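Structure file structure11.pdb with PDB, C-alpha atoms:
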ATOM      1  CA  MET A   1      -5.826  -2.019  -7.885  1.00  0.00           C
ATOM      2  CA  LYS A   2      -4.340  -4.896  -9.860  1.00  0.00           C
ATOM      3  CA  ILE A   3      -2.122  -4.608 -12.930  1.00  0.00           C
ATOM      4  CA  ARG A   4      -1.202  -7.655 -14.994  1.00  0.00           C
ATOM      5  CA  VAL A   5       2.523  -7.842 -15.736  1.00  0.00           C
ATOM      6  CA  LYS A   6       3.795 -10.031 -18.571  1.00  0.00           C
ATOM      7  CA  THR A   7       7.482 -10.683 -19.143  1.00  0.00           C
ATOM      8  CA  PHE A   8       9.434 -12.924 -21.487  1.00  0.00           C
ATOM      9  CA  ALA A   9      12.806 -14.702 -21.680  1.00  0.00           C
ATOM     10  CA  GLN A  10      15.616 -12.997 -19.739  1.00  0.00           C
ATOM     11  CA  ILE A  11      13.260 -10.367 -18.338  1.00  0.00           C
ATOM     12  CA  LYS A  12      11.072 -13.104 -16.867  1.00  0.00           C
ATOM     13  CA  ASP A  13      14.187 -14.487 -15.160  1.00  0.00           C
ATOM     14  CA  ILE A  14      14.941 -11.070 -13.665  1.00  0.00           C
ATOM     15  CA  LEU A  15      11.464  -9.814 -12.708  1.00  0.00           C
ATOM     16  CA  GLY A  16       9.718 -13.133 -12.233  1.00  0.00           C
ATOM     17  CA  ALA A  17       6.924 -14.943 -13.995  1.00  0.00           C
ATOM     18  CA  ASP A  18       3.772 -13.246 -15.242  1.00  0.00           C
ATOM     19  CA  SER A  19       1.771 -11.975 -12.327  1.00  0.00           C
ATOM     20  CA  PHE A  20      -0.810  -9.565 -11.039  1.00  0.00           C
ATOM     21  CA  LEU A  21       0.784  -6.688  -9.211  1.00  0.00           C
ATOM     22  CA  GLU A  22      -1.138  -4.878  -6.502  1.00  0.00           C
ATOM     23  CA  CYS A  23      -0.564  -1.125  -6.962  1.00  0.00           C
ATOM     24  CA  GLN A  24      -1.877   2.101  -5.548  1.00  0.00           C
ATOM     25  CA  ASP A  25      -4.681   3.736  -7.527  1.00  0.00           C
ATOM     26  CA  GLY A  26      -3.407   6.230 -10.081  1.00  0.00           C
ATOM     27  CA  ILE A  27       0.135   4.869 -10.296  1.00  0.00           C
ATOM     28  CA  SER A  28       2.057   6.264 -13.246  1.00  0.00           C
ATOM     29  CA  MET A  29       4.023   4.169 -15.699  1.00  0.00           C
ATOM     30  CA  ARG A  30       7.196   5.877 -14.401  1.00  0.00           C
ATOM     31  CA  GLU A  31       6.402   4.760 -10.843  1.00  0.00           C
ATOM     32  CA  LEU A  32       5.716   1.220 -12.044  1.00  0.00           C
ATOM     33  CA  LEU A  33       9.082   1.152 -13.800  1.00  0.00           C
ATOM     34  CA  LYS A  34      10.736   2.299 -10.556  1.00  0.00           C
ATOM     35  CA  ALA A  35       9.109  -0.694  -8.849  1.00  0.00           C
ATOM     36  CA  PHE A  36      10.461  -2.961 -11.606  1.00  0.00           C
ATOM     37  CA  ARG A  37      13.933  -1.495 -11.112  1.00  0.00           C
ATOM     38  CA  LYS A  38      13.779  -2.208  -7.400  1.00  0.00           C
ATOM     39  CA  ARG A  39      12.482  -5.730  -8.046  1.00  0.00           C
ATOM     40  CA  ALA A  40      15.369  -6.405 -10.473  1.00  0.00           C
ATOM     41  CA  GLY A  41      17.852  -5.866  -7.632  1.00  0.00           C
ATOM     42  CA  LYS A  42      21.425  -6.635  -8.627  1.00  0.00           C
ATOM     43  CA  PHE A  43      20.276  -7.235 -12.222  1.00  0.00           C
ATOM     44  CA  GLU A  44      18.815  -3.749 -12.686  1.00  0.00           C
ATOM     45  CA  ASP A  45      21.645  -2.759 -15.040  1.00  0.00           C
ATOM     46  CA  GLN A  46      20.420  -5.389 -17.511  1.00  0.00           C
ATOM     47  CA  LEU A  47      17.113  -3.533 -17.851  1.00  0.00           C
ATOM     48  CA  PHE A  48      17.805   0.075 -16.862  1.00  0.00           C
ATOM     49  CA  SER A  49      20.400   2.774 -17.486  1.00  0.00           C
ATOM     50  CA  ARG A  50      22.088   4.598 -14.609  1.00  0.00           C
ATOM     51  CA  ASP A  51      19.465   7.345 -15.029  1.00  0.00           C
ATOM     52  CA  GLY A  52      16.700   4.804 -14.406  1.00  0.00           C
ATOM     53  CA  ASP A  53      15.426   4.738 -17.983  1.00  0.00           C
ATOM     54  CA  LEU A  54      14.639   1.446 -19.675  1.00  0.00           C
ATOM     55  CA  HIS A  55      17.323   0.335 -22.081  1.00  0.00           C
ATOM     56  CA  SER A  56      16.340   1.352 -25.612  1.00  0.00           C
ATOM     57  CA  ASN A  57      16.498  -2.262 -26.834  1.00  0.00           C
ATOM     58  CA  LEU A  58      13.545  -3.247 -24.606  1.00  0.00           C
ATOM     59  CA  VAL A  59       9.908  -3.021 -25.670  1.00  0.00           C
ATOM     60  CA  LEU A  60       7.331  -1.717 -23.209  1.00  0.00           C
ATOM     61  CA  MET A  61       3.644  -2.172 -23.986  1.00  0.00           C
ATOM     62  CA  MET A  62       0.418  -1.273 -22.240  1.00  0.00           C
ATOM     63  CA  ASN A  63      -2.790  -3.033 -23.226  1.00  0.00           C
ATOM     64  CA  GLY A  64      -1.208  -4.184 -26.493  1.00  0.00           C
ATOM     65  CA  ALA A  65       0.099  -0.761 -27.591  1.00  0.00           C
ATOM     66  CA  ARG A  66       3.794   0.105 -27.630  1.00  0.00           C
ATOM     67  CA  ILE A  67       4.880   2.770 -25.160  1.00  0.00           C
ATOM     68  CA  TYR A  68       7.745   5.107 -26.021  1.00  0.00           C
ATOM     69  CA  GLU A  69      10.070   6.877 -23.599  1.00  0.00           C
ATOM     70  CA  GLU A  70       8.480  10.285 -24.241  1.00  0.00           C
ATOM     71  CA  ASP A  71       5.067   8.947 -23.141  1.00  0.00           C
ATOM     72  CA  ILE A  72       6.083   7.182 -19.916  1.00  0.00           C
ATOM     73  CA  ASP A  73       5.620  10.176 -17.598  1.00  0.00           C
ATOM     74  CA  SER A  74       2.099  10.975 -18.824  1.00  0.00           C
ATOM     75  CA  LEU A  75       0.615   7.466 -18.583  1.00  0.00           C
ATOM     76  CA  ILE A  76      -1.530   6.631 -15.576  1.00  0.00           C
ATOM     77  CA  LEU A  77      -2.477   2.994 -15.038  1.00  0.00           C
ATOM     78  CA  THR A  78      -5.955   1.841 -14.124  1.00  0.00           C
ATOM     79  CA  GLU A  79      -7.465  -1.356 -12.724  1.00  0.00           C
ATOM     80  CA  GLY A  80      -6.999  -4.287 -15.099  1.00  0.00           C
ATOM     81  CA  ASP A  81      -4.326  -2.731 -17.316  1.00  0.00           C
ATOM     82  CA  GLU A  82      -1.756  -5.106 -18.778  1.00  0.00           C
ATOM     83  CA  VAL A  83       1.905  -4.112 -18.984  1.00  0.00           C
ATOM     84  CA  THR A  84       4.263  -6.206 -21.099  1.00  0.00           C
ATOM     85  CA  LEU A  85       8.047  -5.927 -21.127  1.00  0.00           C
ATOM     86  CA  PHE A  86      10.265  -7.870 -23.500  1.00  0.00           C
ATOM     87  CA  SER A  87      13.356  -7.820 -25.649  1.00  0.00           C
ATOM     88  CA  PRO A  88      12.617  -8.149 -29.373  1.00  0.00           C
ATOM     89  CA  VAL A  89      13.675 -11.352 -31.068  1.00  0.00           C
ATOM     90  CA  SER A  90      16.651 -10.964 -33.362  1.00  0.00           C
ATOM     91  CA  GLY A  91      18.871 -13.181 -35.393  1.00  0.00           C
ATOM     92  CA  GLY A  92      18.786 -14.831 -38.715  1.00  0.00           C
TER      93      GLY A  92
END
Turn the structure described in the file into structure tokens.
Amino acid sequence: MKIRVKTFAQIKDILGADSFLECQDGISMRELLKAFRKRAGKFEDQLFSRDGDLHSNLVLMMNGARIYEEDIDSLILTEGDEVTLFSPVSGG
């Protein structure tokens, strides 16, 4: 199945440009994040903690809805889902 992955700014530099990712049917959000961690390579520490959790300053969304850490393990992706990962804009 195909999942659309959207990234922005520094995350786009680390994980690559927006793309469609071919995944196994029934992949969980946790498994997808493990794939992102592997893809980040030597830059994984910029996105993930040592435990493999996303840094709390990053925003993870699925189909336009924000996903929180406590929901990651229960989410199963389906064909055509869109996952977005970005760092919120800050400054003044």
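For the set A:Phe36, A:Met1, A:Lys12, A:Asp81, the residue with the smallest atom-to-atom gap to Gly64 in chain A is A:Asp81, counting only C-alpha atoms.
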- Got a sec: who's within 9 Å of Met61 in chain A, counting only C-alpha atoms, leaving out chain neighbours fewer than 2 positions off, as an NGL selection string? :A and (59 or 63-68 or 82-86)
- Item | Test item: the PyMOL selection byres ((chain A and resi 44) around 12) resolved as a list in words | Ile11, Asp13, Ile14, Leu15, Leu33, Lys34, Ala35, Phe36, Arg37, Lys38, Arg39, Ala40, Gly41, Lys42, Phe43, Asp45, Gln46, Leu47, Phe48, Ser49, Arg50, Asp51, Gly52, Asp53, Leu54 and His55 of chain A
How about saving the chosen residues, C-alpha atoms kept, as a compact mmCIF listing (two decimals), keeping the file's coordinate frame?
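Below is the file out-v7.txt, written as the result:
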# COMPACT_ATOMS: atom_id res chain seq x y z
CA ILE A 11 13.26 -10.37 -18.34
CA ASP A 13 14.19 -14.49 -15.16
CA ILE A 14 14.94 -11.07 -13.66
CA LEU A 15 11.46 -9.81 -12.71
CA LEU A 33 9.08 1.15 -13.80
CA LYS A 34 10.74 2.30 -10.56
CA ALA A 35 9.11 -0.69 -8.85
CA PHE A 36 10.46 -2.96 -11.61
CA ARG A 37 13.93 -1.50 -11.11
CA LYS A 38 13.78 -2.21 -7.40
CA ARG A 39 12.48 -5.73 -8.05
CA ALA A 40 15.37 -6.40 -10.47
CA GLY A 41 17.85 -5.87 -7.63
CA LYS A 42 21.42 -6.64 -8.63
CA PHE A 43 20.28 -7.24 -12.22
CA ASP A 45 21.64 -2.76 -15.04
CA GLN A 46 20.42 -5.39 -17.51
CA LEU A 47 17.11 -3.53 -17.85
CA PHE A 48 17.80 0.08 -16.86
CA SER A 49 20.40 2.77 -17.49
CA ARG A 50 22.09 4.60 -14.61
CA ASP A 51 19.46 7.34 -15.03
CA GLY A 52 16.70 4.80 -14.41
CA ASP A 53 15.43 4.74 -17.98
CA LEU A 54 14.64 1.45 -19.68
CA HIS A 55 17.32 0.34 -22.08
Hey, what comes out of the PyMOL selection byres ((chain A and resi 18-30) around 8) on this file? Could you write it as a PDB file with C-alpha atoms, keeping the file's coordinate frame?
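expr.pdb was written with the following content:
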ATOM      1  CA  MET A   1      -5.826  -2.019  -7.885  1.00  0.00           C
ATOM      2  CA  LYS A   2      -4.340  -4.896  -9.860  1.00  0.00           C
ATOM      3  CA  ILE A   3      -2.122  -4.608 -12.930  1.00  0.00           C
ATOM      4  CA  ARG A   4      -1.202  -7.655 -14.994  1.00  0.00           C
ATOM      5  CA  VAL A   5       2.523  -7.842 -15.736  1.00  0.00           C
ATOM      6  CA  LYS A   6       3.795 -10.031 -18.571  1.00  0.00           C
ATOM      7  CA  THR A   7       7.482 -10.683 -19.143  1.00  0.00           C
ATOM      8  CA  LYS A  12      11.072 -13.104 -16.867  1.00  0.00           C
ATOM      9  CA  GLY A  16       9.718 -13.133 -12.233  1.00  0.00           C
ATOM     10  CA  ALA A  17       6.924 -14.943 -13.995  1.00  0.00           C
ATOM     11  CA  GLU A  31       6.402   4.760 -10.843  1.00  0.00           C
ATOM     12  CA  LEU A  32       5.716   1.220 -12.044  1.00  0.00           C
ATOM     13  CA  LEU A  33       9.082   1.152 -13.800  1.00  0.00           C
ATOM     14  CA  LYS A  34      10.736   2.299 -10.556  1.00  0.00           C
ATOM     15  CA  ILE A  72       6.083   7.182 -19.916  1.00  0.00           C
ATOM     16  CA  ASP A  73       5.620  10.176 -17.598  1.00  0.00           C
ATOM     17  CA  SER A  74       2.099  10.975 -18.824  1.00  0.00           C
ATOM     18  CA  LEU A  75       0.615   7.466 -18.583  1.00  0.00           C
ATOM     19  CA  ILE A  76      -1.530   6.631 -15.576  1.00  0.00           C
ATOM     20  CA  LEU A  77      -2.477   2.994 -15.038  1.00  0.00           C
ATOM     21  CA  THR A  78      -5.955   1.841 -14.124  1.00  0.00           C
ATOM     22  CA  GLU A  79      -7.465  -1.356 -12.724  1.00  0.00           C
TER      23      GLU A  79
END
Missing atoms in range 65-88 of chain A: fill them in up to N, CA and C atoms and send the result as a short mmCIF file (atom, residue, chain, number, x, y, z; two decimals), keeping the file's coordinate frame.
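The resulting file, out.cif, is reproduced below:
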data_model
loop_
_atom_site.label_atom_id
_atom_site.label_comp_id
_atom_site.auth_asym_id
_atom_site.auth_seq_id
_atom_site.Cartn_x
_atom_site.Cartn_y
_atom_site.Cartn_z
N ALA A 65 -0.46 -1.88 -26.82
CA ALA A 65 0.10 -0.76 -27.59
C ALA A 65 1.50 -0.44 -27.08
N ARG A 66 2.41 -0.20 -28.01
CA ARG A 66 3.79 0.10 -27.63
C ARG A 66 3.86 1.47 -26.95
N ILE A 67 4.67 1.54 -25.91
CA ILE A 67 4.88 2.77 -25.16
C ILE A 67 6.30 3.25 -25.42
N TYR A 68 6.44 4.52 -25.74
CA TYR A 68 7.74 5.11 -26.02
C TYR A 68 8.17 5.97 -24.84
N GLU A 69 9.47 6.16 -24.72
CA GLU A 69 10.07 6.88 -23.60
C GLU A 69 9.38 8.23 -23.36
N GLU A 70 9.07 8.95 -24.41
CA GLU A 70 8.48 10.28 -24.24
C GLU A 70 7.05 10.24 -23.67
N ASP A 71 6.43 9.08 -23.65
CA ASP A 71 5.07 8.95 -23.14
C ASP A 71 4.99 8.40 -21.72
N ILE A 72 6.09 7.88 -21.21
CA ILE A 72 6.08 7.18 -19.92
C ILE A 72 5.58 8.06 -18.77
N ASP A 73 6.00 9.32 -18.72
CA ASP A 73 5.62 10.18 -17.60
C ASP A 73 4.14 10.54 -17.60
N SER A 74 3.50 10.54 -18.75
CA SER A 74 2.10 10.98 -18.82
C SER A 74 1.09 9.84 -18.67
N LEU A 75 1.54 8.60 -18.66
CA LEU A 75 0.62 7.47 -18.58
C LEU A 75 0.26 7.11 -17.14
N ILE A 76 -1.02 7.04 -16.88
CA ILE A 76 -1.53 6.63 -15.58
C ILE A 76 -2.24 5.30 -15.77
N LEU A 77 -1.90 4.33 -14.94
CA LEU A 77 -2.48 2.99 -15.04
C LEU A 77 -3.80 2.92 -14.29
N THR A 78 -4.67 2.05 -14.77
CA THR A 78 -5.96 1.84 -14.12
C THR A 78 -6.17 0.35 -13.90
N GLU A 79 -7.14 0.03 -13.05
CA GLU A 79 -7.46 -1.36 -12.72
C GLU A 79 -7.59 -2.21 -13.99
N GLY A 80 -6.89 -3.35 -14.00
CA GLY A 80 -7.00 -4.29 -15.10
C GLY A 80 -6.06 -4.04 -16.27
N ASP A 81 -5.27 -2.97 -16.23
CA ASP A 81 -4.33 -2.73 -17.32
C ASP A 81 -3.31 -3.87 -17.38
N GLU A 82 -2.77 -4.09 -18.57
CA GLU A 82 -1.76 -5.11 -18.78
C GLU A 82 -0.49 -4.44 -19.30
N VAL A 83 0.60 -4.66 -18.60
CA VAL A 83 1.90 -4.11 -18.98
C VAL A 83 2.79 -5.28 -19.39
N THR A 84 3.40 -5.16 -20.56
CA THR A 84 4.26 -6.21 -21.10
C THR A 84 5.64 -5.62 -21.32
N LEU A 85 6.67 -6.36 -20.95
CA LEU A 85 8.05 -5.93 -21.13
C LEU A 85 8.83 -7.08 -21.72
N PHE A 86 9.49 -6.82 -22.87
CA PHE A 86 10.26 -7.87 -23.50
C PHE A 86 11.37 -7.29 -24.37
N SER A 87 12.28 -8.16 -24.72
CA SER A 87 13.36 -7.82 -25.65
C SER A 87 12.98 -8.41 -26.99
N PRO A 88 13.02 -7.61 -28.07
CA PRO A 88 12.62 -8.15 -29.37
C PRO A 88 13.52 -9.30 -29.82
#
